[in-house]
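Chemist: Okay, handing you the structure first.
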Amino acid sequence: MITKRIIPCLDVRDGRVVKGVNFEGLRDVSDPAALAAHYSDCGADELVFYDITASAEGRRLFADALREVARTIFIPLTVGGGISSLEDFDRVLKCGADKVSVNTGAIRDPSLVREAARRYGDQCVVLSADVKRVDGEFRVFARGGRDDTGLEAIAWIRRCVRLGSGEVVVNSIDTDGVKGGFDIPMLEAVCSAVDVPVIASGGAGCAADFTELFRAVPRVSAGLAASIFHFGEVEIPRLKAGLRENGINVRL
Amino acid sequence: MTAIVDYGVGNLFSLSASLAAIGEEAAVTRDAAAIAAADRVILPGVGAFANARRKLSESGMESAVLGAAEAGKPLLGICLGMQLLFERSFEYGEHAGLGLLRGEVVGMSGRIPPELPIPHIGWNALNIVRPGGILKYVNEGDCVYFVHSYYAEGCGESLTATAEYGLPLTAAVSQGNVHGCQFHPEKSGRVGLGILRAFCELEEGRTC
């Protein structure tokens, strides 16, 4: 039976992991390859790297870091951040990314999803949507959650899946950072609207939030989080053992 | 030396890195002579069947792969590379495969319960039908990473492992020197590296 995936997400600037990741026994707490190895050993099912660099030099450093990760870690790698053209897809895929996540770039030009899916396959194109409730509807936000696009989220996500997104990450701005649990109603709405795997993001504060997620929305394929893993608030081996005790199938 | 066939489909970085990680000498190549000289051959592939099939033949790699199979070299198809080994595929129409293995490739849509997402993406457990060969280091229930919307059926005795996803999907096949895995061993952690190691230990003319 398919297992539910646990996915840590790392922000990278100038080729270094930011947000003060801190683990005992890790010599260099901001080295992407060292952190990736750590997470892979802990049982992370996949890793997401977001490049939050704006400069060309920063992107070069990101590419070097990504190549080093892909040379040493043999689990799926998704790369996002500033992907707005086929050249951007090409650039990160050549460095060993397996999937590429698009967000603002797809909002600016939805045909990017179609063209990328045509060239690299649906499985390669992950739609990442930052979603927030506005006036009683789910609304898509762009530029890291700063701009209200006016797009209704469910229709937007369906459209991108039709264009060729093979997977969808739903990041709830309403629950992000609150650590009170994933946004169950929003995830239910997305899961009932599309056939492709849905990855939940935003809101995890403890291990029980993942149990609640997979129980309440059985169709959700994966849970993604950042700081709770980086700061050791939730340890992946213990999280997975707990999920299994609660009857949720995970890879141990 | 293991030749990784480059016919312009998919990302070969991880595959060559994973072979390097197990200490296997490998070359990504689109040179028929290099494939003929290799000890064993890996046929990768992602994307749509018809496009891959066309590129395989246009690149001249089709005859190189068929030649290697005929010469008894161990051949491993991965993901779409495995699907190409069968007789035909029904992905967007009907397309002939290489016909090295019996069976055909069909879509999951309409054949698996509607609550299961398509594509089948993620880590799923292997149920071993026939142990040994490329699965010699794999234990029953070990998880490997899948990404696909189509699968092979009617594989007969070549079937060596399945994965449960509404129905038992063909996960691995072996017949003589021709092997395939639907999942990505280069993305399946230690279990996947073990499968690649087992493949690299196979020798020409020796079947399993």
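Every chain in the structure tokens has a letter given in the order shown (A, B, ...), and although residue numbers restart at 1 in each chain, ligands are simply numbered from 1 in the order shown.
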Find the spatial neighbours of Ala3 in chain B, counting only C-alpha atoms, within a cut-off of 9 Å - ignore same-chain residues fewer than 6 positions away - and output them as a ChimeraX atom specification.

Modeler: /B:25-29,34-35,37-43

Chemist: Please produce an output containing N, CA and C atoms for each residue in the selection, written as a PDB file, in the first residue's frame.

Modeler:
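Writing the result to again.pdb gives the following:
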ATOM      1  N   GLU B  25      31.234   1.846 -12.407  1.00  0.00           N
ATOM      2  CA  GLU B  25      31.633   2.722 -13.494  1.00  0.00           C
ATOM      3  C   GLU B  25      30.486   2.806 -14.504  1.00  0.00           C
ATOM      4  N   ALA B  26      30.051   4.018 -14.796  1.00  0.00           N
ATOM      5  CA  ALA B  26      28.918   4.169 -15.706  1.00  0.00           C
ATOM      6  C   ALA B  26      29.166   5.327 -16.655  1.00  0.00           C
ATOM      7  N   ALA B  27      28.589   5.226 -17.852  1.00  0.00           N
ATOM      8  CA  ALA B  27      28.713   6.315 -18.813  1.00  0.00           C
ATOM      9  C   ALA B  27      27.353   6.601 -19.414  1.00  0.00           C
ATOM     10  N   VAL B  28      26.965   7.873 -19.397  1.00  0.00           N
ATOM     11  CA  VAL B  28      25.760   8.303 -20.093  1.00  0.00           C
ATOM     12  C   VAL B  28      26.151   8.451 -21.556  1.00  0.00           C
ATOM     13  N   THR B  29      25.461   7.743 -22.443  1.00  0.00           N
ATOM     14  CA  THR B  29      25.934   7.735 -23.826  1.00  0.00           C
ATOM     15  C   THR B  29      24.808   7.668 -24.849  1.00  0.00           C
ATOM     16  N   ALA B  34      29.554   2.474 -27.900  1.00  0.00           N
ATOM     17  CA  ALA B  34      29.761   2.419 -26.446  1.00  0.00           C
ATOM     18  C   ALA B  34      28.781   1.443 -25.803  1.00  0.00           C
ATOM     19  N   ILE B  35      27.570   1.399 -26.347  1.00  0.00           N
ATOM     20  CA  ILE B  35      26.575   0.467 -25.806  1.00  0.00           C
ATOM     21  C   ILE B  35      26.958  -0.965 -26.144  1.00  0.00           C
ATOM     22  N   ALA B  37      29.893  -2.003 -26.442  1.00  0.00           N
ATOM     23  CA  ALA B  37      31.080  -2.362 -25.661  1.00  0.00           C
ATOM     24  C   ALA B  37      30.784  -2.499 -24.167  1.00  0.00           C
ATOM     25  N   ALA B  38      29.600  -2.041 -23.747  1.00  0.00           N
ATOM     26  CA  ALA B  38      29.287  -2.031 -22.309  1.00  0.00           C
ATOM     27  C   ALA B  38      29.031  -3.443 -21.791  1.00  0.00           C
ATOM     28  N   ASP B  39      29.218  -3.619 -20.477  1.00  0.00           N
ATOM     29  CA  ASP B  39      28.903  -4.905 -19.851  1.00  0.00           C
ATOM     30  C   ASP B  39      27.409  -5.057 -19.647  1.00  0.00           C
ATOM     31  N   ARG B  40      26.766  -3.922 -19.397  1.00  0.00           N
ATOM     32  CA  ARG B  40      25.314  -3.958 -19.182  1.00  0.00           C
ATOM     33  C   ARG B  40      24.744  -2.587 -19.543  1.00  0.00           C
ATOM     34  N   VAL B  41      23.433  -2.545 -19.710  1.00  0.00           N
ATOM     35  CA  VAL B  41      22.800  -1.351 -20.268  1.00  0.00           C
ATOM     36  C   VAL B  41      21.574  -0.975 -19.435  1.00  0.00           C
ATOM     37  N   ILE B  42      21.453   0.326 -19.156  1.00  0.00           N
ATOM     38  CA  ILE B  42      20.248   0.815 -18.482  1.00  0.00           C
ATOM     39  C   ILE B  42      19.487   1.733 -19.430  1.00  0.00           C
ATOM     40  N   LEU B  43      18.190   1.453 -19.579  1.00  0.00           N
ATOM     41  CA  LEU B  43      17.316   2.273 -20.409  1.00  0.00           C
ATOM     42  C   LEU B  43      16.392   3.071 -19.497  1.00  0.00           C
TER      43      LEU B  43
END

Chemist: Tell me which protein, DNA and RNA residues are within 7 Å of range 208-216 of chain A, counting only C-alpha atoms, leaving out same-chain ones fewer than 3 positions away, and put them as a PyMOL selection string.

Modeler: chain A and resi 181-182+184+204-205+220+223+243

Chemist: Quick check, in Å to one decimal: how far apart do CA of Ser192 in chain A and CA of Gly166 in chain A lie?

Modeler: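 Taking CA of Ser192 in chain A as the start and CA of Gly166 in chain A as the end point, the length is 15.6 Å.
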
Chemist: Using only C-alpha atoms, which residues sit within 6 Å of range 196-205 of chain B once same-chain residues fewer than 5 positions away are excluded, as a PyMOL selection string?

Modeler: chain B and resi 72-73+134

Chemist: Store the residues picked out above, limited to C-alpha atoms, as an mmCIF file, in the first residue's frame.

Modeler:
data_model
loop_
_atom_site.group_PDB
_atom_site.id
_atom_site.type_symbol
_atom_site.label_atom_id
_atom_site.label_comp_id
_atom_site.auth_asym_id
_atom_site.auth_seq_id
_atom_site.Cartn_x
_atom_site.Cartn_y
_atom_site.Cartn_z
ATOM 1 C CA GLY B 72 22.672 -11.347 -23.786
ATOM 2 C CA LYS B 73 23.858 -8.230 -21.946
ATOM 3 C CA ILE B 134 17.830 -7.634 -9.287
#

Chemist: Using only C-alpha atoms, which residues of chain A come within 7 Å of chain B, and what is the closest atom pair for each, with the distance in Å to one decimal? Give it as a Markdown table, sorted by chain and residue number.

Modeler:
| residue | atom | partner | partner_atom | distance |
| --- | --- | --- | --- | --- |
| A:Met1 | CA | B:Glu164 | CA | 4.9 |
| A:Ile2 | CA | B:Asn124 | CA | 4.3 |
| A:Thr3 | CA | B:Trp123 | CA | 5.7 |
| A:Ala70 | CA | B:Ser14 | CA | 6.3 |
| A:Arg71 | CA | B:Ala17 | CA | 5.2 |
| A:Phe74 | CA | B:Lys187 | CA | 4.7 |
| A:Ile75 | CA | B:Lys187 | CA | 4.4 |
| A:Pro76 | CA | B:Lys187 | CA | 5.6 |
| A:Leu93 | CA | B:Asn11 | CA | 6.9 |
| A:Lys94 | CA | B:Phe13 | CA | 7.0 |
| A:Gly96 | CA | B:Phe13 | CA | 5.5 |
| A:Tyr120 | CA | B:Gly47 | CA | 6.2 |
| A:Gly121 | CA | B:Gly47 | CA | 4.3 |
| A:Gln123 | CA | B:Val147 | CA | 6.8 |
| A:Gly166 | CA | B:Pro119 | CA | 6.8 |
| A:Asp195 | CA | B:Pro117 | CA | 5.1 |
| A:Val196 | CA | B:Pro117 | CA | 4.9 |
| A:Pro197 | CA | B:Pro117 | CA | 5.3 |
| A:Arg219 | CA | B:Glu115 | CA | 7.0 |
| A:Arg251 | CA | B:Cys143 | CA | 6.6 |

Chemist: Can you work out which one of B:Ala172, B:Ile22, B:Ile128, B:Met82 has the shortest atom-to-atom distance to Val105 in chain B, counting only C-alpha atoms?

Modeler: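 Closest to Val105 in chain B, using only C-alpha atoms: B:Met82.
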
Chemist: Any chance you could list, as an NGL selection string, the residues in range 15-233 of chain A that come up strand (DSSP E or B) when DSSP is run on the backbone?

Modeler: :A and (16-17 or 47-51 or 77-80 or 99-102 or 125-134 or 137-142 or 147-152 or 167-172 or 198-201 or 222-225)

Chemist: May I have the residues from that selection written out with C-alpha atoms, as a tab-separated table (two decimals), in the first residue's frame?

Modeler:
chain	number	residue	atom	x	y	z
A	16	ARG	CA	23.14	28.10	2.19
A	17	VAL	CA	20.14	26.93	4.21
A	47	LEU	CA	12.97	17.10	0.24
A	48	VAL	CA	11.91	20.49	-1.02
A	49	PHE	CA	14.45	23.25	-1.59
A	50	TYR	CA	13.22	26.78	-2.09
A	51	ASP	CA	15.72	29.16	-3.60
A	77	LEU	CA	14.12	16.36	-4.66
A	78	THR	CA	11.74	19.19	-5.49
A	79	VAL	CA	13.03	22.65	-6.25
A	80	GLY	CA	11.05	25.87	-6.18
A	99	LYS	CA	10.34	17.93	-9.69
A	100	VAL	CA	9.98	21.67	-10.05
A	101	SER	CA	7.47	23.68	-8.11
A	102	VAL	CA	5.83	26.72	-9.70
A	125	VAL	CA	5.47	19.97	-12.58
A	126	VAL	CA	4.29	20.66	-9.03
A	127	LEU	CA	1.81	23.47	-8.59
A	128	SER	CA	2.37	25.30	-5.33
A	129	ALA	CA	-0.54	27.50	-4.29
A	130	ASP	CA	-0.56	29.97	-1.38
A	131	VAL	CA	-4.21	30.17	-0.39
A	132	LYS	CA	-6.08	32.43	2.04
A	133	ARG	CA	-9.74	33.01	2.82
A	134	VAL	CA	-11.00	36.36	1.52
A	137	GLU	CA	-13.83	32.22	-0.68
A	138	PHE	CA	-10.42	30.62	-1.08
A	139	ARG	CA	-8.16	33.10	-2.83
A	140	VAL	CA	-4.72	32.53	-4.46
A	141	PHE	CA	-1.91	34.83	-3.37
A	142	ALA	CA	1.29	35.53	-5.29
A	147	ASP	CA	-0.37	39.85	-3.39
A	148	ASP	CA	-4.02	38.91	-3.65
A	149	THR	CA	-4.41	37.74	-7.24
A	150	GLY	CA	-8.20	37.77	-7.11
A	151	LEU	CA	-8.16	34.18	-8.43
A	152	GLU	CA	-10.50	31.70	-6.75
A	167	GLU	CA	0.96	17.23	-7.99
A	168	VAL	CA	-0.33	20.15	-5.92
A	169	VAL	CA	1.10	21.72	-2.77
A	170	VAL	CA	-1.58	23.62	-0.86
A	171	ASN	CA	-0.10	26.11	1.55
A	172	SER	CA	-2.73	27.70	3.77
A	198	VAL	CA	-2.22	16.80	-2.84
A	199	ILE	CA	0.50	17.84	-0.39
A	200	ALA	CA	-0.59	19.71	2.74
A	201	SER	CA	1.47	22.65	3.95
A	222	ALA	CA	1.85	14.10	2.10
A	223	GLY	CA	2.50	16.61	4.85
A	224	LEU	CA	5.11	19.31	4.37
A	225	ALA	CA	6.67	21.45	7.09

Chemist: Nearest residue to Leu10 in chain A out of A:Leu252, A:Ala36, A:Ala106, A:Ala63, using only C-alpha atoms?

Modeler: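 Using only C-alpha atoms, Leu10 in chain A sits closest to A:Ala36.
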
Chemist: For Arg53 in chain B, find every residue with an atom within 9 Å (counting only C-alpha atoms), except residues of its own chain fewer than 2 positions away, and show them as a list in words.

Modeler: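 These residues fall inside the cut-off: Ala48, Phe49, Ala50, Asn51, Lys55, Leu56, Ser57, Glu58, Glu62, Leu84, His95, Ala96, Gly97 and Leu98 of chain B.
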
Chemist: Write the residues of the selection above to a file with N, CA and C atoms, as an mmCIF file, in the first residue's frame.

Modeler:
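As written to disk, selection06.cif reads:
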data_model
loop_
_atom_site.group_PDB
_atom_site.id
_atom_site.type_symbol
_atom_site.label_atom_id
_atom_site.label_comp_id
_atom_site.auth_asym_id
_atom_site.auth_seq_id
_atom_site.Cartn_x
_atom_site.Cartn_y
_atom_site.Cartn_z
ATOM 1 N N ALA B 48 5.986 10.838 -21.851
ATOM 2 C CA ALA B 48 4.968 10.072 -22.566
ATOM 3 C C ALA B 48 5.609 8.989 -23.434
ATOM 4 N N PHE B 49 4.901 7.858 -23.538
ATOM 5 C CA PHE B 49 5.413 6.678 -24.247
ATOM 6 C C PHE B 49 5.757 6.979 -25.707
ATOM 7 N N ALA B 50 4.795 7.580 -26.428
ATOM 8 C CA ALA B 50 4.978 7.752 -27.877
ATOM 9 C C ALA B 50 6.187 8.635 -28.184
ATOM 10 N N ASN B 51 6.349 9.690 -27.404
ATOM 11 C CA ASN B 51 7.474 10.598 -27.595
ATOM 12 C C ASN B 51 8.800 9.877 -27.329
ATOM 13 N N LYS B 55 11.820 9.106 -29.973
ATOM 14 C CA LYS B 55 13.186 9.578 -29.747
ATOM 15 C C LYS B 55 14.178 8.426 -29.691
ATOM 16 N N LEU B 56 13.730 7.309 -29.154
ATOM 17 C CA LEU B 56 14.606 6.139 -29.080
ATOM 18 C C LEU B 56 14.983 5.696 -30.487
ATOM 19 N N SER B 57 14.022 5.704 -31.372
ATOM 20 C CA SER B 57 14.334 5.248 -32.726
ATOM 21 C C SER B 57 15.095 6.321 -33.506
ATOM 22 N N GLU B 58 14.705 7.595 -33.353
ATOM 23 C CA GLU B 58 15.407 8.668 -34.085
ATOM 24 C C GLU B 58 16.867 8.811 -33.661
ATOM 25 N N GLU B 62 17.560 2.695 -30.500
ATOM 26 C CA GLU B 62 16.686 1.518 -30.467
ATOM 27 C C GLU B 62 17.434 0.265 -30.911
ATOM 28 N N LEU B 84 8.769 0.606 -22.166
ATOM 29 C CA LEU B 84 9.163 0.472 -23.570
ATOM 30 C C LEU B 84 9.529 -0.972 -23.933
ATOM 31 N N HIS B 95 0.524 2.215 -29.280
ATOM 32 C CA HIS B 95 1.887 2.332 -29.799
ATOM 33 C C HIS B 95 2.638 1.035 -29.570
ATOM 34 N N ALA B 96 3.434 0.645 -30.562
ATOM 35 C CA ALA B 96 4.224 -0.576 -30.416
ATOM 36 C C ALA B 96 5.408 -0.313 -29.499
ATOM 37 N N GLY B 97 5.704 -1.291 -28.644
ATOM 38 C CA GLY B 97 6.895 -1.221 -27.803
ATOM 39 C C GLY B 97 8.030 -2.004 -28.448
ATOM 40 N N LEU B 98 9.080 -2.255 -27.696
ATOM 41 C CA LEU B 98 10.223 -2.982 -28.246
ATOM 42 C C LEU B 98 9.949 -4.477 -28.328
#

Chemist: Take CA of Gln182 in chain B and CA of Leu187 in chain A and report the distance between them in Å, one decimal.

Modeler: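 Separating CA of Gln182 in chain B from CA of Leu187 in chain A is a distance of 29.5 Å.
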
Chemist: CA of Val178 in chain B to CA of Gly194 in chain B: how many Å, to one decimal?

Modeler: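 These atoms are spaced 17.8 Å apart.
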
Chemist: Identify, with DSSP run on backbone atoms, the residues in range 37-241 of chain A assigned to helix (DSSP H, G or I), and express the list as a ChimeraX atom specification.

Modeler: /A:37-42,56-72,86-94,104-108,111-120,122-124,153-163,184-191,207-216,227-230,236-241

Chemist: Keeping only C-alpha atoms, write those residues as a PDB file, in the first residue's frame.

Modeler:
ATOM      1  CA  ALA A  37      21.794  13.630   4.389  1.00  0.00           C
ATOM      2  CA  HIS A  38      20.533  14.128   7.918  1.00  0.00           C
ATOM      3  CA  TYR A  39      16.892  14.256   6.817  1.00  0.00           C
ATOM      4  CA  SER A  40      17.290  11.318   4.457  1.00  0.00           C
ATOM      5  CA  ASP A  41      18.774   9.241   7.310  1.00  0.00           C
ATOM      6  CA  CYS A  42      15.883  10.289   9.573  1.00  0.00           C
ATOM      7  CA  ALA A  56      22.342  35.580 -10.578  1.00  0.00           C
ATOM      8  CA  GLU A  57      25.324  34.786  -8.357  1.00  0.00           C
ATOM      9  CA  GLY A  58      22.977  33.403  -5.698  1.00  0.00           C
ATOM     10  CA  ARG A  59      21.343  31.180  -8.294  1.00  0.00           C
ATOM     11  CA  ARG A  60      24.736  29.838  -9.329  1.00  0.00           C
ATOM     12  CA  LEU A  61      25.525  28.989  -5.720  1.00  0.00           C
ATOM     13  CA  PHE A  62      22.111  27.330  -5.410  1.00  0.00           C
ATOM     14  CA  ALA A  63      22.862  25.214  -8.489  1.00  0.00           C
ATOM     15  CA  ASP A  64      26.185  24.084  -6.991  1.00  0.00           C
ATOM     16  CA  ALA A  65      24.504  23.204  -3.702  1.00  0.00           C
ATOM     17  CA  LEU A  66      21.726  21.309  -5.479  1.00  0.00           C
ATOM     18  CA  ARG A  67      24.207  19.285  -7.529  1.00  0.00           C
ATOM     19  CA  GLU A  68      26.003  18.291  -4.343  1.00  0.00           C
ATOM     20  CA  VAL A  69      22.728  17.208  -2.716  1.00  0.00           C
ATOM     21  CA  ALA A  70      21.687  15.185  -5.775  1.00  0.00           C
ATOM     22  CA  ARG A  71      25.101  13.508  -5.919  1.00  0.00           C
ATOM     23  CA  THR A  72      24.815  12.223  -2.374  1.00  0.00           C
ATOM     24  CA  LEU A  86      11.272  26.726 -19.225  1.00  0.00           C
ATOM     25  CA  GLU A  87      14.919  27.796 -18.896  1.00  0.00           C
ATOM     26  CA  ASP A  88      14.427  27.876 -15.118  1.00  0.00           C
ATOM     27  CA  PHE A  89      13.055  24.326 -15.260  1.00  0.00           C
ATOM     28  CA  ASP A  90      15.994  23.249 -17.344  1.00  0.00           C
ATOM     29  CA  ARG A  91      18.518  24.899 -15.050  1.00  0.00           C
ATOM     30  CA  VAL A  92      17.387  23.072 -11.891  1.00  0.00           C
ATOM     31  CA  LEU A  93      16.585  19.742 -13.565  1.00  0.00           C
ATOM     32  CA  LYS A  94      20.132  19.602 -14.932  1.00  0.00           C
ATOM     33  CA  THR A 104       3.963  33.041  -8.943  1.00  0.00           C
ATOM     34  CA  GLY A 105       5.514  32.089 -12.304  1.00  0.00           C
ATOM     35  CA  ALA A 106       2.400  30.060 -13.170  1.00  0.00           C
ATOM     36  CA  ILE A 107       0.103  32.888 -12.065  1.00  0.00           C
ATOM     37  CA  ARG A 108       1.958  35.282 -14.358  1.00  0.00           C
ATOM     38  CA  SER A 111       0.982  28.308 -20.148  1.00  0.00           C
ATOM     39  CA  LEU A 112       4.275  27.663 -18.331  1.00  0.00           C
ATOM     40  CA  VAL A 113       2.554  24.697 -16.640  1.00  0.00           C
ATOM     41  CA  ARG A 114       1.419  23.276 -19.969  1.00  0.00           C
ATOM     42  CA  GLU A 115       4.743  23.812 -21.735  1.00  0.00           C
ATOM     43  CA  ALA A 116       6.767  22.372 -18.866  1.00  0.00           C
ATOM     44  CA  ALA A 117       4.469  19.348 -18.563  1.00  0.00           C
ATOM     45  CA  ARG A 118       4.757  18.763 -22.289  1.00  0.00           C
ATOM     46  CA  ARG A 119       8.541  18.942 -22.215  1.00  0.00           C
ATOM     47  CA  TYR A 120       9.355  17.225 -18.917  1.00  0.00           C
ATOM     48  CA  ASP A 122       3.334  15.920 -15.734  1.00  0.00           C
ATOM     49  CA  GLN A 123       5.187  14.255 -12.871  1.00  0.00           C
ATOM     50  CA  CYS A 124       7.795  17.000 -12.991  1.00  0.00           C
ATOM     51  CA  ALA A 153      -8.183  28.937  -5.504  1.00  0.00           C
ATOM     52  CA  ILE A 154     -10.133  25.789  -6.352  1.00  0.00           C
ATOM     53  CA  ALA A 155     -10.768  26.906  -9.931  1.00  0.00           C
ATOM     54  CA  TRP A 156      -7.103  27.934 -10.264  1.00  0.00           C
ATOM     55  CA  ILE A 157      -5.802  24.606  -8.977  1.00  0.00           C
ATOM     56  CA  ARG A 158      -8.175  22.654 -11.261  1.00  0.00           C
ATOM     57  CA  ARG A 159      -7.028  24.727 -14.203  1.00  0.00           C
ATOM     58  CA  CYS A 160      -3.347  24.018 -13.506  1.00  0.00           C
ATOM     59  CA  VAL A 161      -4.018  20.301 -13.098  1.00  0.00           C
ATOM     60  CA  ARG A 162      -5.788  20.305 -16.472  1.00  0.00           C
ATOM     61  CA  LEU A 163      -2.754  22.089 -17.924  1.00  0.00           C
ATOM     62  CA  ILE A 184      -8.439  20.640   7.068  1.00  0.00           C
ATOM     63  CA  PRO A 185     -11.418  22.375   5.360  1.00  0.00           C
ATOM     64  CA  MET A 186      -9.189  23.928   2.700  1.00  0.00           C
ATOM     65  CA  LEU A 187      -7.431  20.604   2.019  1.00  0.00           C
ATOM     66  CA  GLU A 188     -10.757  18.771   1.797  1.00  0.00           C
ATOM     67  CA  ALA A 189     -11.958  21.296  -0.752  1.00  0.00           C
ATOM     68  CA  VAL A 190      -8.839  20.853  -2.906  1.00  0.00           C
ATOM     69  CA  CYS A 191      -8.757  17.050  -2.591  1.00  0.00           C
ATOM     70  CA  ALA A 207       3.191  15.233  15.568  1.00  0.00           C
ATOM     71  CA  ALA A 208      -0.518  14.922  16.385  1.00  0.00           C
ATOM     72  CA  ASP A 209      -1.291  17.480  13.676  1.00  0.00           C
ATOM     73  CA  PHE A 210      -0.032  15.015  11.050  1.00  0.00           C
ATOM     74  CA  THR A 211      -2.170  12.201  12.482  1.00  0.00           C
ATOM     75  CA  GLU A 212      -5.174  14.508  12.401  1.00  0.00           C
ATOM     76  CA  LEU A 213      -4.363  15.544   8.814  1.00  0.00           C
ATOM     77  CA  PHE A 214      -4.199  12.013   7.407  1.00  0.00           C
ATOM     78  CA  ARG A 215      -7.258  10.888   9.417  1.00  0.00           C
ATOM     79  CA  ALA A 216      -9.446  13.840   8.530  1.00  0.00           C
ATOM     80  CA  SER A 227      10.645  24.986  11.121  1.00  0.00           C
ATOM     81  CA  ILE A 228       9.160  22.258  13.347  1.00  0.00           C
ATOM     82  CA  PHE A 229      11.578  19.814  11.737  1.00  0.00           C
ATOM     83  CA  HIS A 230      14.521  22.213  11.653  1.00  0.00           C
ATOM     84  CA  ILE A 236      10.755  12.481  11.870  1.00  0.00           C
ATOM     85  CA  PRO A 237      11.515   8.944  13.176  1.00  0.00           C
ATOM     86  CA  ARG A 238       9.261   9.524  16.193  1.00  0.00           C
ATOM     87  CA  LEU A 239       6.618  11.206  14.038  1.00  0.00           C
ATOM     88  CA  LYS A 240       6.508   8.250  11.670  1.00  0.00           C
ATOM     89  CA  ALA A 241       6.424   5.691  14.469  1.00  0.00           C
TER      90      ALA A 241
END

Chemist: Would you please work out which residue, of B:Ile112, B:Cys79, B:Leu101, B:Ala171, is nearest to Pro44 in chain B when using only C-alpha atoms?

Modeler: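 Of all the options, B:Cys79 lies closest to Pro44 in chain B.
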